[in-house]
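Asker: Pasting a structure below so you can have a look.
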Amino acid sequence: ALRQSFVLKAQKQVQRSWNRVQPQASYKVAILGAAGGIGQPLALLVKMSPLVSALHLYDIANVKGVAADLSHCNTPSQVFDFTGAEELANCLEGVDVVVIPAGVPRKPGMTRDDLFNINANIVKTLVEAVADYCPDAFIHIISNPVNSTVPIAAEVLKQKGVYNPKKLFGVTTLDVVRANTFVAQKKNLRLIDVDVPVVGGHAGITILPLLSKTKPSVEFTAEEVPALTTRIQNAGTEVVEAKAGAGSATLSMAYAAARFVESSLRALDGDSDVYECSFVQSDLTELPFFASRVKLGKDGVEALIKSDLEGLTEYEQKALENLKPELKASIEKGINFVQKQP
Ligand code: NAD
Ligand code: LMR
């Protein structure tokens, strides 16, 4: 009887672990730039998602080893590697979500816009392939400067006749992650409860945390508001300086990007309660692209959350007006880059 109970126990354990490796849904996710500082930890986090059945990893080099390594994790998704332009089409075929962290990161003393000359071309080329091989996918742009690379992607998709503004996202989740962390620390709140919407764009003063809209409702002193706002706006630079030439945020970025991927997959899977901040085509202000909270659904952006921009404090209203010229210029720079190409 004792032996029988051991056998039963072992069988149950096998059953339980087998259940664990069964995908709960079967979405395909591609990461372009998967061997990089963000790409690798992001691939690991996406590999842990029960909603993913296939993980397609693409880079210009070093992706074979990353894929071999990840493929040994006993989580549901199968991992496939793709190296170089000639394998990009196969990587993208049938994919539901494409995440793009390909491109160079900042070094101390640089702005995100200093990356434009290199990253604009990388994003343009990759989005051309997305337009050709998976035009219906959600597209998550991480490569900087996001304020310009998202308009670049939109123009490329328009030229290819497949632009769907509801499915093109600039990933600004890291700004929200940072705002939540810093506010929770400052106000001694439970991290899990805190949610700060961050609007505008993703560079310097264009990053505007709406502290007055923090959930749960919190009072900030007149000194705390500018101090927290500046800390959130400069958090990327804080990491660039701490890394001292070895790149910018990768681990926190991978965490944030994985959250945005998971939210997108939940929305695709029919969850009707998914909200994230993202830099998207927008009519909430006079600017053609603007980051705000959005409701995500099966078809992408279901609604832009306008109420966050209503009843702003004087400080926030002023900061919103102040960010518009810079954000407008970055958006136009991206649009012109594609439109002025021969
Ligand atoms: P990294 O240099 O470590 O990795 C970039 C990867 O992109 C490399 O593996 C490289 O081989 C690959 N790559 C380059 N050209 C490519 C191409 N044509 N096709 C496919 N892959 C290509 O850099 P990282 O630290 O991972 O940062 C990547 C980008 O993400 C940077 O532009 C950085 O500024 C940006 N970033 C954005 C945010 C955000 O909040 N949106 C946060 C952090 C970093
Ligand atoms: C960030 O906010 O960490 C990224 O945009 C990378 C950077 O250059 O700061």
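Chain lettering (A, B, ...) mirrors the order of the structure tokens, residue numbering begins at 1 for each chain separately, and ligand numbering begins at 1 in order of display.
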Show me which residues line ligand 2, defined as having an atom within 6 Å of a ligand atom where only C-alpha atoms and all ligand atoms count, and present them as a PyMOL selection string.

Answerer: chain A and resi 105-106+112+236-237+248-249

Asker: Select the residues contacting ligand 1 at a distance of at most 6 Å, based on only C-alpha atoms and all ligand atoms, then format the selection as a ChimeraX atom specification.

Answerer: /A:32-33,35-39,59-61,101-106,122,142-144,171-172,174,247-250,253

Asker: Would you output that residue set with N, CA and C atoms, as an mmCIF file, in the first residue's frame?

Answerer:
```cif
data_model
loop_
_atom_site.group_PDB
_atom_site.id
_atom_site.type_symbol
_atom_site.label_atom_id
_atom_site.label_comp_id
_atom_site.auth_asym_id
_atom_site.auth_seq_id
_atom_site.Cartn_x
_atom_site.Cartn_y
_atom_site.Cartn_z
ATOM 1 N N LEU A 32 12.700 41.549 -32.124
ATOM 2 C CA LEU A 32 13.711 41.942 -33.115
ATOM 3 C C LEU A 32 14.794 42.741 -32.392
ATOM 4 N N GLY A 33 15.992 42.163 -32.310
ATOM 5 C CA GLY A 33 17.061 42.731 -31.469
ATOM 6 C C GLY A 33 17.183 41.886 -30.215
ATOM 7 N N ALA A 35 19.159 39.557 -29.179
ATOM 8 C CA ALA A 35 20.424 39.185 -28.520
ATOM 9 C C ALA A 35 21.006 40.344 -27.721
ATOM 10 N N GLY A 36 20.291 41.474 -27.681
ATOM 11 C CA GLY A 36 20.829 42.665 -27.036
ATOM 12 C C GLY A 36 20.560 42.729 -25.538
ATOM 13 N N GLY A 37 20.947 43.856 -24.969
ATOM 14 C CA GLY A 37 20.811 44.062 -23.524
ATOM 15 C C GLY A 37 19.378 43.963 -23.052
ATOM 16 N N ILE A 38 18.444 44.505 -23.817
ATOM 17 C CA ILE A 38 17.016 44.372 -23.481
ATOM 18 C C ILE A 38 16.501 43.036 -23.997
ATOM 19 N N GLY A 39 16.875 42.714 -25.235
ATOM 20 C CA GLY A 39 16.326 41.543 -25.907
ATOM 21 C C GLY A 39 16.443 40.263 -25.092
ATOM 22 N N ASP A 59 17.967 38.595 -34.573
ATOM 23 C CA ASP A 59 19.008 39.617 -34.424
ATOM 24 C C ASP A 59 19.949 39.477 -35.605
ATOM 25 N N ILE A 60 20.888 40.433 -35.719
ATOM 26 C CA ILE A 60 21.839 40.331 -36.829
ATOM 27 C C ILE A 60 22.990 39.380 -36.465
ATOM 28 N N ALA A 61 23.143 39.053 -35.169
ATOM 29 C CA ALA A 61 24.200 38.123 -34.722
ATOM 30 C C ALA A 61 23.862 37.600 -33.328
ATOM 31 N N PRO A 101 13.271 46.058 -29.870
ATOM 32 C CA PRO A 101 14.286 46.775 -29.100
ATOM 33 C C PRO A 101 15.620 46.855 -29.858
ATOM 34 N N ALA A 102 15.615 46.730 -31.194
ATOM 35 C CA ALA A 102 16.865 46.767 -31.962
ATOM 36 C C ALA A 102 17.369 48.202 -32.054
ATOM 37 N N GLY A 103 18.670 48.362 -31.905
ATOM 38 C CA GLY A 103 19.239 49.704 -32.057
ATOM 39 C C GLY A 103 20.282 49.993 -31.010
ATOM 40 N N VAL A 104 20.934 51.152 -31.157
ATOM 41 C CA VAL A 104 22.010 51.474 -30.203
ATOM 42 C C VAL A 104 21.442 52.228 -28.994
ATOM 43 N N PRO A 105 22.051 51.992 -27.816
ATOM 44 C CA PRO A 105 21.647 52.727 -26.610
ATOM 45 C C PRO A 105 22.537 53.958 -26.379
ATOM 46 N N ARG A 106 22.106 54.803 -25.431
ATOM 47 C CA ARG A 106 22.854 56.036 -25.104
ATOM 48 C C ARG A 106 24.113 55.739 -24.291
ATOM 49 N N ILE A 122 17.355 51.615 -38.708
ATOM 50 C CA ILE A 122 17.109 50.248 -38.221
ATOM 51 C C ILE A 122 15.600 50.018 -38.092
ATOM 52 N N ILE A 142 10.386 49.885 -29.007
ATOM 53 C CA ILE A 142 11.185 50.257 -27.831
ATOM 54 C C ILE A 142 12.367 51.146 -28.248
ATOM 55 N N SER A 143 12.896 50.935 -29.449
ATOM 56 C CA SER A 143 14.108 51.638 -29.914
ATOM 57 C C SER A 143 13.930 53.149 -29.828
ATOM 58 N N ASN A 144 14.946 53.815 -29.302
ATOM 59 C CA ASN A 144 14.916 55.273 -29.133
ATOM 60 C C ASN A 144 15.455 56.018 -30.345
ATOM 61 N N VAL A 171 6.581 52.008 -26.641
ATOM 62 C CA VAL A 171 6.563 51.417 -25.293
ATOM 63 C C VAL A 171 7.072 52.451 -24.273
ATOM 64 N N THR A 172 6.146 52.948 -23.451
ATOM 65 C CA THR A 172 6.491 53.921 -22.398
ATOM 66 C C THR A 172 6.221 53.332 -21.005
ATOM 67 N N LEU A 174 8.030 51.746 -19.059
ATOM 68 C CA LEU A 174 9.096 51.924 -18.063
ATOM 69 C C LEU A 174 8.896 53.226 -17.280
ATOM 70 N N GLY A 247 25.940 51.279 -21.620
ATOM 71 C CA GLY A 247 24.565 51.198 -22.125
ATOM 72 C C GLY A 247 23.552 51.873 -21.224
ATOM 73 N N SER A 248 22.280 51.590 -21.485
ATOM 74 C CA SER A 248 21.198 52.219 -20.727
ATOM 75 C C SER A 248 20.369 51.122 -20.057
ATOM 76 N N ALA A 249 19.201 51.488 -19.557
ATOM 77 C CA ALA A 249 18.366 50.524 -18.823
ATOM 78 C C ALA A 249 18.061 49.308 -19.693
ATOM 79 N N THR A 250 18.318 48.132 -19.171
ATOM 80 C CA THR A 250 18.007 46.903 -19.910
ATOM 81 C C THR A 250 17.091 45.994 -19.083
ATOM 82 N N MET A 253 13.866 47.737 -18.212
ATOM 83 C CA MET A 253 13.170 47.887 -19.499
ATOM 84 C C MET A 253 12.553 46.562 -19.933
#
```

Asker: Quick check for you: according to DSSP on this backbone, which residues of range 18-258 of chain A are classed as helix (DSSP H, G or I)? Reply as a short mmCIF file (atom, residue, chain, number, x, y, z; two decimals) with N, CA and C atoms, in the first residue's frame.

Answerer:
```cif
data_model
loop_
_atom_site.label_atom_id
_atom_site.label_comp_id
_atom_site.auth_asym_id
_atom_site.auth_seq_id
_atom_site.Cartn_x
_atom_site.Cartn_y
_atom_site.Cartn_z
N TRP A 18 3.22 18.47 -16.01
CA TRP A 18 2.79 18.42 -17.41
C TRP A 18 1.73 19.51 -17.66
N ASN A 19 0.81 19.63 -16.70
CA ASN A 19 -0.21 20.68 -16.82
C ASN A 19 0.44 22.05 -16.90
N ARG A 20 1.50 22.20 -16.10
CA ARG A 20 2.17 23.50 -16.06
C ARG A 20 2.77 23.86 -17.41
N GLY A 39 16.88 42.71 -25.23
CA GLY A 39 16.33 41.54 -25.91
C GLY A 39 16.44 40.26 -25.09
N GLN A 40 17.61 40.03 -24.49
CA GLN A 40 17.82 38.75 -23.78
C GLN A 40 16.93 38.60 -22.54
N PRO A 41 16.97 39.55 -21.61
CA PRO A 41 16.07 39.37 -20.46
C PRO A 41 14.59 39.45 -20.84
N LEU A 42 14.28 40.22 -21.89
CA LEU A 42 12.89 40.27 -22.34
C LEU A 42 12.46 38.90 -22.87
N ALA A 43 13.34 38.27 -23.64
CA ALA A 43 13.03 36.94 -24.17
C ALA A 43 12.79 35.97 -23.02
N LEU A 44 13.59 36.06 -21.97
CA LEU A 44 13.41 35.18 -20.81
C LEU A 44 12.03 35.40 -20.17
N LEU A 45 11.67 36.66 -19.99
CA LEU A 45 10.39 36.95 -19.33
C LEU A 45 9.21 36.52 -20.21
N VAL A 46 9.34 36.72 -21.52
CA VAL A 46 8.25 36.30 -22.42
C VAL A 46 8.18 34.77 -22.47
N LYS A 47 9.33 34.12 -22.34
CA LYS A 47 9.37 32.63 -22.32
C LYS A 47 8.56 32.09 -21.14
N VAL A 63 22.20 35.23 -31.94
CA VAL A 63 20.88 34.88 -31.45
C VAL A 63 20.73 33.36 -31.27
N LYS A 64 21.57 32.60 -31.97
CA LYS A 64 21.48 31.12 -31.89
C LYS A 64 21.69 30.65 -30.45
N GLY A 65 22.72 31.18 -29.82
CA GLY A 65 23.05 30.77 -28.45
C GLY A 65 21.97 31.18 -27.46
N VAL A 66 21.44 32.36 -27.64
CA VAL A 66 20.38 32.85 -26.75
C VAL A 66 19.17 31.91 -26.85
N ALA A 67 18.84 31.53 -28.09
CA ALA A 67 17.67 30.67 -28.30
C ALA A 67 17.92 29.26 -27.74
N ALA A 68 19.13 28.72 -27.96
CA ALA A 68 19.44 27.38 -27.45
C ALA A 68 19.33 27.37 -25.93
N ASP A 69 19.88 28.37 -25.32
CA ASP A 69 19.87 28.52 -23.87
C ASP A 69 18.42 28.58 -23.34
N LEU A 70 17.64 29.48 -23.91
CA LEU A 70 16.26 29.68 -23.44
C LEU A 70 15.38 28.46 -23.67
N ALA A 85 19.02 39.46 -42.25
CA ALA A 85 17.88 39.91 -43.06
C ALA A 85 17.20 38.78 -43.83
N GLU A 86 18.00 37.81 -44.28
CA GLU A 86 17.39 36.74 -45.11
C GLU A 86 16.47 35.83 -44.30
N GLU A 87 16.56 35.89 -42.98
CA GLU A 87 15.67 35.04 -42.16
C GLU A 87 14.54 35.84 -41.50
N LEU A 88 14.47 37.12 -41.81
CA LEU A 88 13.49 37.99 -41.14
C LEU A 88 12.04 37.64 -41.53
N ALA A 89 11.84 37.32 -42.81
CA ALA A 89 10.49 36.99 -43.27
C ALA A 89 9.95 35.79 -42.50
N ASN A 90 10.75 34.74 -42.37
CA ASN A 90 10.31 33.54 -41.63
C ASN A 90 10.04 33.86 -40.17
N CYS A 91 10.84 34.75 -39.62
CA CYS A 91 10.66 35.14 -38.22
C CYS A 91 9.29 35.79 -38.01
N LEU A 92 8.85 36.57 -39.00
CA LEU A 92 7.65 37.40 -38.79
C LEU A 92 6.34 36.71 -39.20
N ARG A 112 18.49 61.09 -26.15
CA ARG A 112 17.91 60.01 -26.95
C ARG A 112 17.91 60.39 -28.43
N ASP A 113 17.74 61.70 -28.69
CA ASP A 113 17.70 62.15 -30.08
C ASP A 113 19.06 61.95 -30.78
N ASP A 114 20.14 61.91 -30.00
CA ASP A 114 21.46 61.64 -30.59
C ASP A 114 21.52 60.25 -31.22
N LEU A 115 20.56 59.38 -30.90
CA LEU A 115 20.54 58.01 -31.46
C LEU A 115 19.80 57.97 -32.80
N PHE A 116 19.17 59.11 -33.15
CA PHE A 116 18.27 59.13 -34.31
C PHE A 116 18.94 58.59 -35.58
N ASN A 117 20.14 59.12 -35.88
CA ASN A 117 20.76 58.79 -37.18
C ASN A 117 20.93 57.30 -37.39
N ILE A 118 21.27 56.56 -36.34
CA ILE A 118 21.45 55.11 -36.49
C ILE A 118 20.12 54.38 -36.37
N ASN A 119 19.36 54.70 -35.33
CA ASN A 119 18.17 53.89 -35.03
C ASN A 119 17.01 54.12 -36.00
N ALA A 120 16.94 55.32 -36.60
CA ALA A 120 15.85 55.59 -37.55
C ALA A 120 15.90 54.59 -38.69
N ASN A 121 17.09 54.36 -39.22
CA ASN A 121 17.23 53.41 -40.33
C ASN A 121 16.92 51.99 -39.91
N ILE A 122 17.36 51.61 -38.71
CA ILE A 122 17.11 50.25 -38.22
C ILE A 122 15.60 50.02 -38.09
N VAL A 123 14.92 50.98 -37.46
CA VAL A 123 13.47 50.82 -37.25
C VAL A 123 12.75 50.82 -38.60
N LYS A 124 13.16 51.71 -39.49
CA LYS A 124 12.51 51.78 -40.81
C LYS A 124 12.60 50.43 -41.53
N THR A 125 13.81 49.87 -41.56
CA THR A 125 14.02 48.61 -42.27
C THR A 125 13.20 47.48 -41.63
N LEU A 126 13.21 47.42 -40.31
CA LEU A 126 12.49 46.32 -39.64
C LEU A 126 10.97 46.47 -39.83
N VAL A 127 10.47 47.70 -39.75
CA VAL A 127 9.02 47.88 -39.90
C VAL A 127 8.58 47.62 -41.34
N GLU A 128 9.45 47.88 -42.31
CA GLU A 128 9.13 47.51 -43.70
C GLU A 128 8.85 46.01 -43.78
N ALA A 129 9.66 45.23 -43.10
CA ALA A 129 9.47 43.77 -43.11
C ALA A 129 8.19 43.39 -42.35
N VAL A 130 7.93 44.07 -41.25
CA VAL A 130 6.69 43.81 -40.49
C VAL A 130 5.49 44.07 -41.41
N ALA A 131 5.56 45.18 -42.15
CA ALA A 131 4.46 45.54 -43.07
C ALA A 131 4.26 44.44 -44.11
N ASP A 132 5.35 43.85 -44.58
CA ASP A 132 5.26 42.83 -45.63
C ASP A 132 4.80 41.47 -45.09
N TYR A 133 5.22 41.12 -43.86
CA TYR A 133 5.03 39.72 -43.43
C TYR A 133 4.05 39.50 -42.27
N VAL A 146 11.97 57.12 -29.08
CA VAL A 146 10.59 56.65 -29.29
C VAL A 146 9.71 57.76 -29.87
N ASN A 147 9.96 59.02 -29.43
CA ASN A 147 9.13 60.14 -29.92
C ASN A 147 9.23 60.30 -31.44
N SER A 148 10.31 59.78 -32.03
CA SER A 148 10.48 59.83 -33.50
C SER A 148 10.33 58.47 -34.15
N THR A 149 10.73 57.40 -33.47
CA THR A 149 10.72 56.09 -34.13
C THR A 149 9.28 55.58 -34.35
N VAL A 150 8.35 55.98 -33.48
CA VAL A 150 6.95 55.58 -33.68
C VAL A 150 6.36 56.29 -34.91
N PRO A 151 6.54 57.62 -35.05
CA PRO A 151 6.10 58.25 -36.30
C PRO A 151 6.80 57.67 -37.54
N ILE A 152 8.07 57.29 -37.41
CA ILE A 152 8.76 56.64 -38.55
C ILE A 152 8.02 55.35 -38.92
N ALA A 153 7.72 54.54 -37.91
CA ALA A 153 7.01 53.28 -38.16
C ALA A 153 5.66 53.55 -38.82
N ALA A 154 4.95 54.56 -38.34
CA ALA A 154 3.63 54.87 -38.90
C ALA A 154 3.75 55.24 -40.38
N GLU A 155 4.75 56.06 -40.71
CA GLU A 155 4.93 56.48 -42.11
C GLU A 155 5.27 55.29 -43.01
N VAL A 156 6.13 54.41 -42.51
CA VAL A 156 6.51 53.23 -43.29
C VAL A 156 5.27 52.38 -43.57
N LEU A 157 4.47 52.16 -42.52
CA LEU A 157 3.27 51.33 -42.66
C LEU A 157 2.28 52.00 -43.63
N LYS A 158 2.20 53.34 -43.56
CA LYS A 158 1.30 54.07 -44.49
C LYS A 158 1.78 53.87 -45.92
N GLN A 159 3.09 54.03 -46.13
CA GLN A 159 3.63 53.86 -47.50
C GLN A 159 3.34 52.47 -48.04
N PRO A 165 -3.49 52.42 -36.97
CA PRO A 165 -3.01 53.19 -35.80
C PRO A 165 -3.35 52.53 -34.47
N LYS A 166 -4.31 51.64 -34.47
CA LYS A 166 -4.70 50.98 -33.22
C LYS A 166 -3.69 49.91 -32.80
N LYS A 167 -2.80 49.56 -33.72
CA LYS A 167 -1.88 48.45 -33.42
C LYS A 167 -0.41 48.87 -33.37
N THR A 173 6.04 52.03 -20.98
CA THR A 173 5.70 51.35 -19.71
C THR A 173 6.76 51.59 -18.63
N LEU A 174 8.03 51.75 -19.06
CA LEU A 174 9.10 51.92 -18.06
C LEU A 174 8.90 53.23 -17.28
N ASP A 175 8.34 54.24 -17.94
CA ASP A 175 8.08 55.50 -17.23
C ASP A 175 7.04 55.28 -16.12
N VAL A 176 6.06 54.46 -16.40
CA VAL A 176 5.02 54.16 -15.41
C VAL A 176 5.60 53.30 -14.27
N VAL A 177 6.41 52.32 -14.66
CA VAL A 177 7.06 51.44 -13.68
C VAL A 177 7.90 52.29 -12.71
N ARG A 178 8.68 53.22 -13.29
CA ARG A 178 9.52 54.10 -12.46
C ARG A 178 8.66 55.00 -11.58
N ALA A 179 7.65 55.60 -12.17
CA ALA A 179 6.80 56.52 -11.39
C ALA A 179 6.17 55.76 -10.22
N ASN A 180 5.68 54.57 -10.49
CA ASN A 180 5.05 53.77 -9.42
C ASN A 180 6.05 53.47 -8.31
N THR A 181 7.27 53.09 -8.71
CA THR A 181 8.30 52.74 -7.72
C THR A 181 8.67 53.96 -6.87
N PHE A 182 8.95 55.09 -7.52
CA PHE A 182 9.43 56.26 -6.79
C PHE A 182 8.33 56.83 -5.88
N VAL A 183 7.09 56.82 -6.36
CA VAL A 183 5.98 57.35 -5.54
C VAL A 183 5.74 56.44 -4.35
N ALA A 184 5.75 55.14 -4.58
CA ALA A 184 5.53 54.19 -3.47
C ALA A 184 6.62 54.37 -2.40
N GLN A 185 7.87 54.53 -2.86
CA GLN A 185 8.98 54.73 -1.91
C GLN A 185 8.79 56.01 -1.12
N LYS A 186 8.50 57.09 -1.82
CA LYS A 186 8.38 58.41 -1.18
C LYS A 186 7.22 58.44 -0.19
N LYS A 187 6.11 57.79 -0.53
CA LYS A 187 4.90 57.91 0.28
C LYS A 187 4.64 56.67 1.13
N LEU A 191 3.69 48.84 -3.03
CA LEU A 191 3.97 48.98 -4.46
C LEU A 191 2.83 48.48 -5.34
N ILE A 192 2.27 47.37 -4.92
CA ILE A 192 1.24 46.71 -5.73
C ILE A 192 0.01 47.60 -5.95
N ASP A 193 -0.21 48.54 -5.00
CA ASP A 193 -1.41 49.39 -5.07
C ASP A 193 -1.21 50.62 -5.96
N GLY A 204 13.13 63.22 -21.66
CA GLY A 204 13.23 64.45 -20.87
C GLY A 204 11.89 65.02 -20.44
N ILE A 205 11.69 66.31 -20.72
CA ILE A 205 10.47 66.98 -20.24
C ILE A 205 9.20 66.49 -20.95
N THR A 206 9.36 65.72 -22.03
CA THR A 206 8.13 65.20 -22.67
C THR A 206 7.52 64.06 -21.84
N LEU A 211 0.97 63.16 -11.34
CA LEU A 211 0.97 62.74 -9.93
C LEU A 211 -0.39 62.97 -9.27
N SER A 212 -1.11 63.98 -9.75
CA SER A 212 -2.43 64.27 -9.15
C SER A 212 -3.44 63.16 -9.44
N LYS A 213 -3.09 62.31 -10.44
CA LYS A 213 -4.01 61.21 -10.81
C LYS A 213 -3.54 59.87 -10.23
N GLU A 224 7.53 68.10 -3.18
CA GLU A 224 7.57 66.72 -3.68
C GLU A 224 7.23 66.62 -5.17
N VAL A 225 6.28 67.46 -5.62
CA VAL A 225 5.82 67.33 -7.01
C VAL A 225 6.96 67.57 -8.01
N PRO A 226 7.66 68.72 -7.94
CA PRO A 226 8.76 68.88 -8.92
C PRO A 226 9.89 67.89 -8.71
N ALA A 227 10.16 67.52 -7.46
CA ALA A 227 11.27 66.59 -7.20
C ALA A 227 10.96 65.23 -7.82
N LEU A 228 9.76 64.72 -7.60
CA LEU A 228 9.38 63.41 -8.16
C LEU A 228 9.30 63.48 -9.69
N THR A 229 8.72 64.56 -10.18
CA THR A 229 8.57 64.69 -11.65
C THR A 229 9.95 64.65 -12.31
N THR A 230 10.89 65.44 -11.78
CA THR A 230 12.24 65.48 -12.36
C THR A 230 12.93 64.13 -12.24
N ARG A 231 12.75 63.46 -11.10
CA ARG A 231 13.40 62.14 -10.92
C ARG A 231 12.89 61.15 -11.99
N ILE A 232 11.57 61.18 -12.22
CA ILE A 232 10.98 60.25 -13.21
C ILE A 232 11.48 60.62 -14.61
N GLN A 233 11.54 61.91 -14.91
CA GLN A 233 11.99 62.35 -16.24
C GLN A 233 13.46 62.00 -16.48
N ALA A 235 15.17 59.48 -14.99
CA ALA A 235 15.51 58.13 -14.51
C ALA A 235 16.34 57.36 -15.54
N GLY A 236 16.05 57.56 -16.83
CA GLY A 236 16.84 56.89 -17.87
C GLY A 236 18.29 57.36 -17.81
N THR A 237 18.47 58.66 -17.64
CA THR A 237 19.82 59.24 -17.56
C THR A 237 20.54 58.76 -16.30
N GLU A 238 19.78 58.60 -15.22
CA GLU A 238 20.34 58.07 -13.96
C GLU A 238 21.01 56.70 -14.23
N VAL A 239 20.33 55.87 -15.00
CA VAL A 239 20.87 54.53 -15.31
C VAL A 239 22.05 54.64 -16.28
N VAL A 240 21.90 55.49 -17.31
CA VAL A 240 22.99 55.67 -18.29
C VAL A 240 24.26 56.09 -17.56
N GLU A 241 24.13 57.02 -16.61
CA GLU A 241 25.32 57.50 -15.89
C GLU A 241 25.90 56.41 -14.99
N ALA A 242 25.01 55.67 -14.31
CA ALA A 242 25.49 54.60 -13.43
C ALA A 242 26.20 53.51 -14.23
N LYS A 243 25.74 53.26 -15.45
CA LYS A 243 26.38 52.22 -16.29
C LYS A 243 27.65 52.74 -16.96
N LEU A 251 17.41 45.83 -17.79
CA LEU A 251 16.66 44.88 -16.97
C LEU A 251 15.28 45.44 -16.61
N SER A 252 15.26 46.69 -16.12
CA SER A 252 13.96 47.30 -15.81
C SER A 252 13.15 47.47 -17.09
N MET A 253 13.87 47.74 -18.21
CA MET A 253 13.17 47.89 -19.50
C MET A 253 12.55 46.56 -19.93
N ALA A 254 13.32 45.48 -19.75
CA ALA A 254 12.80 44.17 -20.13
C ALA A 254 11.57 43.84 -19.28
N TYR A 255 11.65 44.17 -18.00
CA TYR A 255 10.51 43.94 -17.09
C TYR A 255 9.28 44.72 -17.59
N ALA A 256 9.51 46.00 -17.93
CA ALA A 256 8.40 46.84 -18.39
C ALA A 256 7.84 46.35 -19.72
N ALA A 257 8.75 45.99 -20.64
CA ALA A 257 8.29 45.52 -21.96
C ALA A 257 7.53 44.21 -21.83
N ALA A 258 7.97 43.35 -20.92
CA ALA A 258 7.28 42.07 -20.72
C ALA A 258 5.87 42.31 -20.18
#
```

Asker: I'd like to know which of A:Ile331, A:Val280, A:Val199, A:Leu309 is closest to Asn164 in chain A, using only C-alpha atoms.

Answerer: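 Using only C-alpha atoms, the shortest distance to Asn164 in chain A belongs to A:Val280.
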
Asker: Could you list, as a count of residues only, every residue within 6 Å of range 137-141 of chain A, counting only C-alpha atoms and ignoring same-chain residues fewer than 2 positions away?

Answerer: 13

Asker: To one decimal place, how far is CA of Ser307 in chain A from CA of Pro145 in chain A in Å?

Answerer: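 Between these atoms lies a distance of 27.2 Å.
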
Asker: Measuring atom to atom with only C-alpha atoms, identify which of A:Phe290, A:Phe260, A:Tyr315, A:Tyr163 is nearest to Glu223 in chain A.

Answerer: A:Tyr315

Asker: Within 12 Å of Met48 in chain A, counting only C-alpha atoms, which residues qualify if same-chain residues fewer than 6 places away don't, as an NGL selection string?

Answerer: :A and (20-24 or 41-42 or 54-55 or 70-79 or 255 or 258-259 or 261-262)

Asker: Please give the complete set of residues from range 132-167 of chain A that DSSP, run on the backbone, assigns to strand (DSSP E or B), formatted as a PyMOL selection string.

Answerer: chain A and resi 138-141

Asker: Tell me, in Å to one decimal, how far CA of Tyr58 in chain A is from CA of His202 in chain A.

Answerer: 24.8 Å

Asker: Considering only C-alpha atoms, can you say which of A:Asp195, A:Glu326, A:Glu302, A:Glu286 comes closest to Val274 in chain A?

Answerer: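 Of all the options, A:Glu302 lies closest to Val274 in chain A.
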
Asker: Tell me, in Å to one decimal, how far CA of Leu268 in chain A is from CA of Gly201 in chain A.

Answerer: 25.0 Å
